[in-house]
Amino acid sequence: MTIEAEAGKNSSFERREKRRSVSYAIACIGWALLLTLSNYLLDNDLVSDTWTWPLVLLPIITALLVYYFYYRFYIDTDEMGRQIQNFGLIIGFAVGVLYLICLMSLENVGVASPSMNNIFAVFVVSYSLASGFLVWKYKQ
Amino acid sequence: MKNILKVLRAQHDLSQAALAEQLDVSRQTINAIEKERYDPSLPLALKIGRLFNKPVEEIFSED
């Protein structure tokens with residue numbers, strides 16, 4: 001079949017990529033909501049002992065689902081999409097580790113030790129900025 | 001890397017979206033290659049060559 005003859009086909013790639021990214025986004029939102037709810041209920045002692053472990057485990061199980069959906073998104077995106085993701089992950093990891101090292105060193109002079117939440121937030125922000133920069137660069 | 005992808009696409013009367021579909025990549029990837037912002041991998045370059053029935057070095061050249 002010639003390329004002209006196939007030109008009118010629907011873009012299955014873009015439909016698939018959209019489906020994967022929406023699934024991933026929903027999983028992220030679900031995880032964040034469950035984590036918030038779980039922390040709220042446990043911190044305020046609003047549940048009986050029977051529900052403690054399920055509430056502790058629920059965000060962990062949903063985090064695994066988030067990884068699964070991200071993996072499917074990553075595998076199914078095209079090579080440029082993967083390059084954007086790789087760049088974001090590398091920068092996010094590098095900035096997160098640098099932040100951790102800096103604060104661990106600064107602990108010796110009385111600066112508060114880094115919390116896991118802060119490290120995670122630094123990773124997410126630097127990952128988003130780096131990925132966004134590459135998307136912007138390729139769209140120029 | 002310089003390339004003549006836009007010219008080839010015009011010769012075959014293909015839109016970016018249609019070419020992207022043929023190559024199983026996003027339209028943004030085709031756009032970035034045409035604008036010489038993104039260099040495709042060897043497998044993708046070979047796929048482009050096969051699709052337009054041209055050797056890769058005829059489509060892509062060094063700056």
# chains A, B, ... in the order shown; residues from 1 in each chain; ligands from 1

call {"tool": "closest_atom_pairs", "arguments": {"of": "chain B", "to": "chain A", "cutoff": "6 Å", "atoms": "only C-alpha atoms", "output": "tab-separated table"}}
result
residue	atom	partner	partner_atom	distance
B:Ala18	CA	A:Ala7	CA	4.8
B:Glu21	CA	A:Ser11	CA	5.2
B:Asp24	CA	A:Phe13	CA	5.8
B:Val25	CA	A:Asp78	CA	5.3
B:Ala32	CA	A:Tyr138	CA	5.4
B:Arg37	CA	A:Tyr138	CA	5.6

call {"tool": "write_last_selection", "arguments": {"atoms": "C-alpha atoms", "output": "PDB file, in the first residue's frame"}}
result
ATOM      1  CA  ALA B  18      -0.525  11.315   8.299  1.00  0.00           C
ATOM      2  CA  GLU B  21       0.630   7.757  11.727  1.00  0.00           C
ATOM      3  CA  ASP B  24       3.874   5.347  14.627  1.00  0.00           C
ATOM      4  CA  VAL B  25       5.157   8.505  16.289  1.00  0.00           C
ATOM      5  CA  ALA B  32      10.543  18.650  15.675  1.00  0.00           C
ATOM      6  CA  ARG B  37      15.238  20.473  16.695  1.00  0.00           C
TER       7      ARG B  37
END

call {"tool": "select_by_dssp", "arguments": {"residues": "chain B", "states": "strand (DSSP E or B)", "output": "ChimeraX atom specification"}}
result
/B:2-3,60-61

call {"tool": "residues_around", "arguments": {"residues": "Gly96 in chain A", "least_positions_apart": "4", "cutoff": "12 Å", "atoms": "only C-alpha atoms", "output": "VMD selection string"}}
result
chain A and resid 88 to 92 100 to 103 114 to 127

call {"tool": "write_last_selection", "arguments": {"atoms": "N, CA and C atoms", "output": "PDB file, in the first residue's frame"}}
result
ATOM      1  N   GLY A  88      13.693  14.632  32.073  1.00  0.00           N
ATOM      2  CA  GLY A  88      13.005  15.060  33.297  1.00  0.00           C
ATOM      3  C   GLY A  88      13.406  14.215  34.492  1.00  0.00           C
ATOM      4  N   LEU A  89      13.453  12.892  34.289  1.00  0.00           N
ATOM      5  CA  LEU A  89      13.798  11.985  35.395  1.00  0.00           C
ATOM      6  C   LEU A  89      15.244  12.192  35.851  1.00  0.00           C
ATOM      7  N   ILE A  90      16.149  12.380  34.897  1.00  0.00           N
ATOM      8  CA  ILE A  90      17.566  12.571  35.250  1.00  0.00           C
ATOM      9  C   ILE A  90      17.740  13.876  36.030  1.00  0.00           C
ATOM     10  N   ILE A  91      17.146  14.948  35.531  1.00  0.00           N
ATOM     11  CA  ILE A  91      17.280  16.245  36.213  1.00  0.00           C
ATOM     12  C   ILE A  91      16.596  16.186  37.585  1.00  0.00           C
ATOM     13  N   GLY A  92      15.398  15.580  37.614  1.00  0.00           N
ATOM     14  CA  GLY A  92      14.674  15.452  38.888  1.00  0.00           C
ATOM     15  C   GLY A  92      15.485  14.683  39.918  1.00  0.00           C
ATOM     16  N   LEU A 100      19.269  16.810  48.871  1.00  0.00           N
ATOM     17  CA  LEU A 100      19.468  15.940  50.032  1.00  0.00           C
ATOM     18  C   LEU A 100      20.890  16.091  50.582  1.00  0.00           C
ATOM     19  N   ILE A 101      21.876  16.069  49.674  1.00  0.00           N
ATOM     20  CA  ILE A 101      23.278  16.177  50.099  1.00  0.00           C
ATOM     21  C   ILE A 101      23.523  17.527  50.776  1.00  0.00           C
ATOM     22  N   CYS A 102      23.004  18.599  50.157  1.00  0.00           N
ATOM     23  CA  CYS A 102      23.196  19.940  50.725  1.00  0.00           C
ATOM     24  C   CYS A 102      22.618  20.028  52.135  1.00  0.00           C
ATOM     25  N   LEU A 103      21.370  19.545  52.280  1.00  0.00           N
ATOM     26  CA  LEU A 103      20.741  19.654  53.600  1.00  0.00           C
ATOM     27  C   LEU A 103      21.405  18.747  54.629  1.00  0.00           C
ATOM     28  N   PRO A 114      16.377  17.251  56.129  1.00  0.00           N
ATOM     29  CA  PRO A 114      15.363  17.221  55.063  1.00  0.00           C
ATOM     30  C   PRO A 114      14.274  16.190  55.331  1.00  0.00           C
ATOM     31  N   SER A 115      13.031  16.550  55.029  1.00  0.00           N
ATOM     32  CA  SER A 115      11.952  15.568  55.177  1.00  0.00           C
ATOM     33  C   SER A 115      11.750  14.886  53.819  1.00  0.00           C
ATOM     34  N   MET A 116      11.193  13.677  53.861  1.00  0.00           N
ATOM     35  CA  MET A 116      10.944  12.930  52.619  1.00  0.00           C
ATOM     36  C   MET A 116       9.981  13.697  51.710  1.00  0.00           C
ATOM     37  N   ASN A 117       9.006  14.369  52.325  1.00  0.00           N
ATOM     38  CA  ASN A 117       8.039  15.139  51.538  1.00  0.00           C
ATOM     39  C   ASN A 117       8.732  16.230  50.736  1.00  0.00           C
ATOM     40  N   ASN A 118       9.704  16.930  51.397  1.00  0.00           N
ATOM     41  CA  ASN A 118      10.422  18.002  50.705  1.00  0.00           C
ATOM     42  C   ASN A 118      11.257  17.457  49.550  1.00  0.00           C
ATOM     43  N   ILE A 119      11.931  16.335  49.801  1.00  0.00           N
ATOM     44  CA  ILE A 119      12.769  15.740  48.744  1.00  0.00           C
ATOM     45  C   ILE A 119      11.893  15.345  47.557  1.00  0.00           C
ATOM     46  N   PHE A 120      10.743  14.725  47.856  1.00  0.00           N
ATOM     47  CA  PHE A 120       9.816  14.308  46.802  1.00  0.00           C
ATOM     48  C   PHE A 120       9.305  15.521  46.031  1.00  0.00           C
ATOM     49  N   ALA A 121       8.971  16.582  46.768  1.00  0.00           N
ATOM     50  CA  ALA A 121       8.472  17.802  46.113  1.00  0.00           C
ATOM     51  C   ALA A 121       9.543  18.413  45.208  1.00  0.00           C
ATOM     52  N   VAL A 122      10.791  18.419  45.682  1.00  0.00           N
ATOM     53  CA  VAL A 122      11.895  18.954  44.866  1.00  0.00           C
ATOM     54  C   VAL A 122      12.061  18.126  43.606  1.00  0.00           C
ATOM     55  N   PHE A 123      11.970  16.803  43.749  1.00  0.00           N
ATOM     56  CA  PHE A 123      12.072  15.913  42.586  1.00  0.00           C
ATOM     57  C   PHE A 123      10.966  16.218  41.583  1.00  0.00           C
ATOM     58  N   VAL A 124       9.719  16.286  42.065  1.00  0.00           N
ATOM     59  CA  VAL A 124       8.571  16.482  41.159  1.00  0.00           C
ATOM     60  C   VAL A 124       8.680  17.827  40.442  1.00  0.00           C
ATOM     61  N   VAL A 125       9.044  18.873  41.188  1.00  0.00           N
ATOM     62  CA  VAL A 125       9.124  20.209  40.580  1.00  0.00           C
ATOM     63  C   VAL A 125      10.245  20.246  39.536  1.00  0.00           C
ATOM     64  N   SER A 126      11.429  19.705  39.875  1.00  0.00           N
ATOM     65  CA  SER A 126      12.537  19.768  38.916  1.00  0.00           C
ATOM     66  C   SER A 126      12.277  18.852  37.720  1.00  0.00           C
ATOM     67  N   TYR A 127      11.635  17.704  37.951  1.00  0.00           N
ATOM     68  CA  TYR A 127      11.241  16.809  36.844  1.00  0.00           C
ATOM     69  C   TYR A 127      10.290  17.533  35.894  1.00  0.00           C
TER      70      TYR A 127
END

call {"tool": "select_by_dssp", "arguments": {"residues": "range 2-125 of chain A", "states": "helix (DSSP H, G or I)", "output": "PyMOL selection string"}}
result
chain A and resi 3-6+12-43+49-76+79-109+116-125

call {"tool": "residues_around", "arguments": {"residues": "range 25-42 of chain A", "least_positions_apart": "4", "cutoff": "12 Å", "atoms": "only C-alpha atoms", "output": "VMD selection string"}}
result
chain A and resid 18 to 21 46 to 70 73

call {"tool": "write_last_selection", "arguments": {"atoms": "N, CA and C atoms", "output": "PDB file, in the first residue's frame"}}
result
ATOM      1  N   LYS A  18      -2.761   9.261  24.392  1.00  0.00           N
ATOM      2  CA  LYS A  18      -3.694  10.040  25.215  1.00  0.00           C
ATOM      3  C   LYS A  18      -4.330   9.151  26.292  1.00  0.00           C
ATOM      4  N   ARG A  19      -4.709   7.943  25.867  1.00  0.00           N
ATOM      5  CA  ARG A  19      -5.321   7.006  26.809  1.00  0.00           C
ATOM      6  C   ARG A  19      -4.350   6.683  27.949  1.00  0.00           C
ATOM      7  N   ARG A  20      -3.095   6.436  27.584  1.00  0.00           N
ATOM      8  CA  ARG A  20      -2.073   6.114  28.585  1.00  0.00           C
ATOM      9  C   ARG A  20      -1.821   7.295  29.528  1.00  0.00           C
ATOM     10  N   SER A  21      -1.730   8.504  28.984  1.00  0.00           N
ATOM     11  CA  SER A  21      -1.429   9.654  29.838  1.00  0.00           C
ATOM     12  C   SER A  21      -2.618   9.984  30.746  1.00  0.00           C
ATOM     13  N   LEU A  46      -9.321   8.872  63.632  1.00  0.00           N
ATOM     14  CA  LEU A  46     -10.748   8.788  63.312  1.00  0.00           C
ATOM     15  C   LEU A  46     -11.203   7.372  62.943  1.00  0.00           C
ATOM     16  N   VAL A  47     -10.286   6.415  62.968  1.00  0.00           N
ATOM     17  CA  VAL A  47     -10.669   5.044  62.600  1.00  0.00           C
ATOM     18  C   VAL A  47     -10.297   4.069  63.708  1.00  0.00           C
ATOM     19  N   SER A  48     -11.011   2.947  63.684  1.00  0.00           N
ATOM     20  CA  SER A  48     -10.716   1.918  64.705  1.00  0.00           C
ATOM     21  C   SER A  48      -9.419   1.200  64.312  1.00  0.00           C
ATOM     22  N   ASP A  49      -8.879   0.425  65.239  1.00  0.00           N
ATOM     23  CA  ASP A  49      -7.612  -0.294  65.014  1.00  0.00           C
ATOM     24  C   ASP A  49      -7.676  -1.236  63.812  1.00  0.00           C
ATOM     25  N   THR A  50      -8.887  -1.792  63.573  1.00  0.00           N
ATOM     26  CA  THR A  50      -9.054  -2.722  62.443  1.00  0.00           C
ATOM     27  C   THR A  50      -8.677  -2.053  61.121  1.00  0.00           C
ATOM     28  N   TRP A  51      -8.971  -0.749  61.009  1.00  0.00           N
ATOM     29  CA  TRP A  51      -8.760  -0.032  59.741  1.00  0.00           C
ATOM     30  C   TRP A  51      -7.366   0.598  59.621  1.00  0.00           C
ATOM     31  N   THR A  52      -6.585   0.508  60.670  1.00  0.00           N
ATOM     32  CA  THR A  52      -5.269   1.165  60.628  1.00  0.00           C
ATOM     33  C   THR A  52      -4.384   0.603  59.519  1.00  0.00           C
ATOM     34  N   TRP A  53      -4.200  -0.725  59.513  1.00  0.00           N
ATOM     35  CA  TRP A  53      -3.308  -1.323  58.516  1.00  0.00           C
ATOM     36  C   TRP A  53      -3.812  -1.149  57.084  1.00  0.00           C
ATOM     37  N   PRO A  54      -5.112  -1.409  56.833  1.00  0.00           N
ATOM     38  CA  PRO A  54      -5.585  -1.159  55.457  1.00  0.00           C
ATOM     39  C   PRO A  54      -5.330   0.279  55.004  1.00  0.00           C
ATOM     40  N   LEU A  55      -5.513   1.245  55.921  1.00  0.00           N
ATOM     41  CA  LEU A  55      -5.298   2.644  55.550  1.00  0.00           C
ATOM     42  C   LEU A  55      -3.820   2.963  55.316  1.00  0.00           C
ATOM     43  N   VAL A  56      -2.970   2.249  56.074  1.00  0.00           N
ATOM     44  CA  VAL A  56      -1.526   2.444  55.875  1.00  0.00           C
ATOM     45  C   VAL A  56      -1.098   1.851  54.526  1.00  0.00           C
ATOM     46  N   LEU A  57      -1.688   0.685  54.203  1.00  0.00           N
ATOM     47  CA  LEU A  57      -1.265  -0.036  52.985  1.00  0.00           C
ATOM     48  C   LEU A  57      -1.872   0.519  51.696  1.00  0.00           C
ATOM     49  N   LEU A  58      -3.041   1.145  51.814  1.00  0.00           N
ATOM     50  CA  LEU A  58      -3.752   1.605  50.609  1.00  0.00           C
ATOM     51  C   LEU A  58      -2.912   2.551  49.730  1.00  0.00           C
ATOM     52  N   PRO A  59      -2.271   3.588  50.300  1.00  0.00           N
ATOM     53  CA  PRO A  59      -1.456   4.465  49.444  1.00  0.00           C
ATOM     54  C   PRO A  59      -0.249   3.745  48.826  1.00  0.00           C
ATOM     55  N   ILE A  60       0.243   2.723  49.531  1.00  0.00           N
ATOM     56  CA  ILE A  60       1.397   1.973  48.987  1.00  0.00           C
ATOM     57  C   ILE A  60       0.951   1.173  47.766  1.00  0.00           C
ATOM     58  N   ILE A  61      -0.205   0.530  47.895  1.00  0.00           N
ATOM     59  CA  ILE A  61      -0.717  -0.275  46.773  1.00  0.00           C
ATOM     60  C   ILE A  61      -1.047   0.629  45.579  1.00  0.00           C
ATOM     61  N   THR A  62      -1.648   1.782  45.874  1.00  0.00           N
ATOM     62  CA  THR A  62      -1.975   2.689  44.754  1.00  0.00           C
ATOM     63  C   THR A  62      -0.707   3.284  44.141  1.00  0.00           C
ATOM     64  N   ALA A  63       0.340   3.447  44.949  1.00  0.00           N
ATOM     65  CA  ALA A  63       1.609   3.947  44.394  1.00  0.00           C
ATOM     66  C   ALA A  63       2.150   2.943  43.375  1.00  0.00           C
ATOM     67  N   LEU A  64       1.965   1.650  43.660  1.00  0.00           N
ATOM     68  CA  LEU A  64       2.403   0.627  42.701  1.00  0.00           C
ATOM     69  C   LEU A  64       1.613   0.751  41.399  1.00  0.00           C
ATOM     70  N   LEU A  65       0.319   1.058  41.536  1.00  0.00           N
ATOM     71  CA  LEU A  65      -0.502   1.261  40.335  1.00  0.00           C
ATOM     72  C   LEU A  65      -0.024   2.477  39.542  1.00  0.00           C
ATOM     73  N   VAL A  66       0.373   3.540  40.280  1.00  0.00           N
ATOM     74  CA  VAL A  66       0.904   4.745  39.611  1.00  0.00           C
ATOM     75  C   VAL A  66       2.146   4.377  38.795  1.00  0.00           C
ATOM     76  N   TYR A  67       3.055   3.606  39.407  1.00  0.00           N
ATOM     77  CA  TYR A  67       4.261   3.172  38.686  1.00  0.00           C
ATOM     78  C   TYR A  67       3.890   2.363  37.450  1.00  0.00           C
ATOM     79  N   TYR A  68       2.907   1.469  37.608  1.00  0.00           N
ATOM     80  CA  TYR A  68       2.490   0.623  36.494  1.00  0.00           C
ATOM     81  C   TYR A  68       1.963   1.479  35.339  1.00  0.00           C
ATOM     82  N   PHE A  69       1.107   2.452  35.674  1.00  0.00           N
ATOM     83  CA  PHE A  69       0.542   3.293  34.614  1.00  0.00           C
ATOM     84  C   PHE A  69       1.616   4.193  33.982  1.00  0.00           C
ATOM     85  N   TYR A  70       2.569   4.656  34.793  1.00  0.00           N
ATOM     86  CA  TYR A  70       3.657   5.463  34.238  1.00  0.00           C
ATOM     87  C   TYR A  70       4.511   4.614  33.297  1.00  0.00           C
ATOM     88  N   PHE A  73       2.760   4.210  30.067  1.00  0.00           N
ATOM     89  CA  PHE A  73       2.834   5.470  29.324  1.00  0.00           C
ATOM     90  C   PHE A  73       4.223   5.627  28.705  1.00  0.00           C
TER      91      PHE A  73
END

call {"tool": "residues_around", "arguments": {"residues": "Glu34 in chain B", "least_positions_apart": "4", "cutoff": "12 Å", "atoms": "only C-alpha atoms", "output": "MDAnalysis selection string"}}
result
(chainID A and resid 138:140) or (chainID B and resid 1:10 16 19:20 27:30 38:40 59:60)

call {"tool": "write_last_selection", "arguments": {"atoms": "C-alpha atoms", "output": "mmCIF file, in the first residue's frame"}}
result
data_model
loop_
_atom_site.group_PDB
_atom_site.id
_atom_site.type_symbol
_atom_site.label_atom_id
_atom_site.label_comp_id
_atom_site.auth_asym_id
_atom_site.auth_seq_id
_atom_site.Cartn_x
_atom_site.Cartn_y
_atom_site.Cartn_z
ATOM 1 C CA TYR A 138 11.213 20.905 20.576
ATOM 2 C CA LYS A 139 8.151 23.010 19.843
ATOM 3 C CA GLN A 140 10.165 26.123 18.927
ATOM 4 C CA MET B 1 21.160 17.425 11.583
ATOM 5 C CA LYS B 2 19.760 18.777 8.324
ATOM 6 C CA ASN B 3 17.008 16.894 6.530
ATOM 7 C CA ILE B 4 14.618 17.080 3.590
ATOM 8 C CA LEU B 5 11.674 15.489 5.362
ATOM 9 C CA LYS B 6 9.390 18.473 4.763
ATOM 10 C CA VAL B 7 10.166 18.404 1.029
ATOM 11 C CA LEU B 8 9.524 14.654 0.804
ATOM 12 C CA ARG B 9 6.305 15.022 2.746
ATOM 13 C CA ALA B 10 5.127 17.779 0.401
ATOM 14 C CA GLN B 16 2.445 15.811 9.444
ATOM 15 C CA LEU B 19 3.233 10.815 8.251
ATOM 16 C CA ALA B 20 3.268 10.479 12.039
ATOM 17 C CA ARG B 27 2.876 14.679 15.091
ATOM 18 C CA GLN B 28 5.076 16.735 17.433
ATOM 19 C CA THR B 29 7.982 14.381 16.712
ATOM 20 C CA ILE B 30 7.603 14.897 12.945
ATOM 21 C CA TYR B 38 15.230 16.734 17.215
ATOM 22 C CA ASP B 39 17.443 14.104 15.594
ATOM 23 C CA PRO B 40 15.618 10.804 15.079
ATOM 24 C CA ILE B 59 17.284 12.393 3.628
ATOM 25 C CA PHE B 60 19.569 13.317 6.532
#
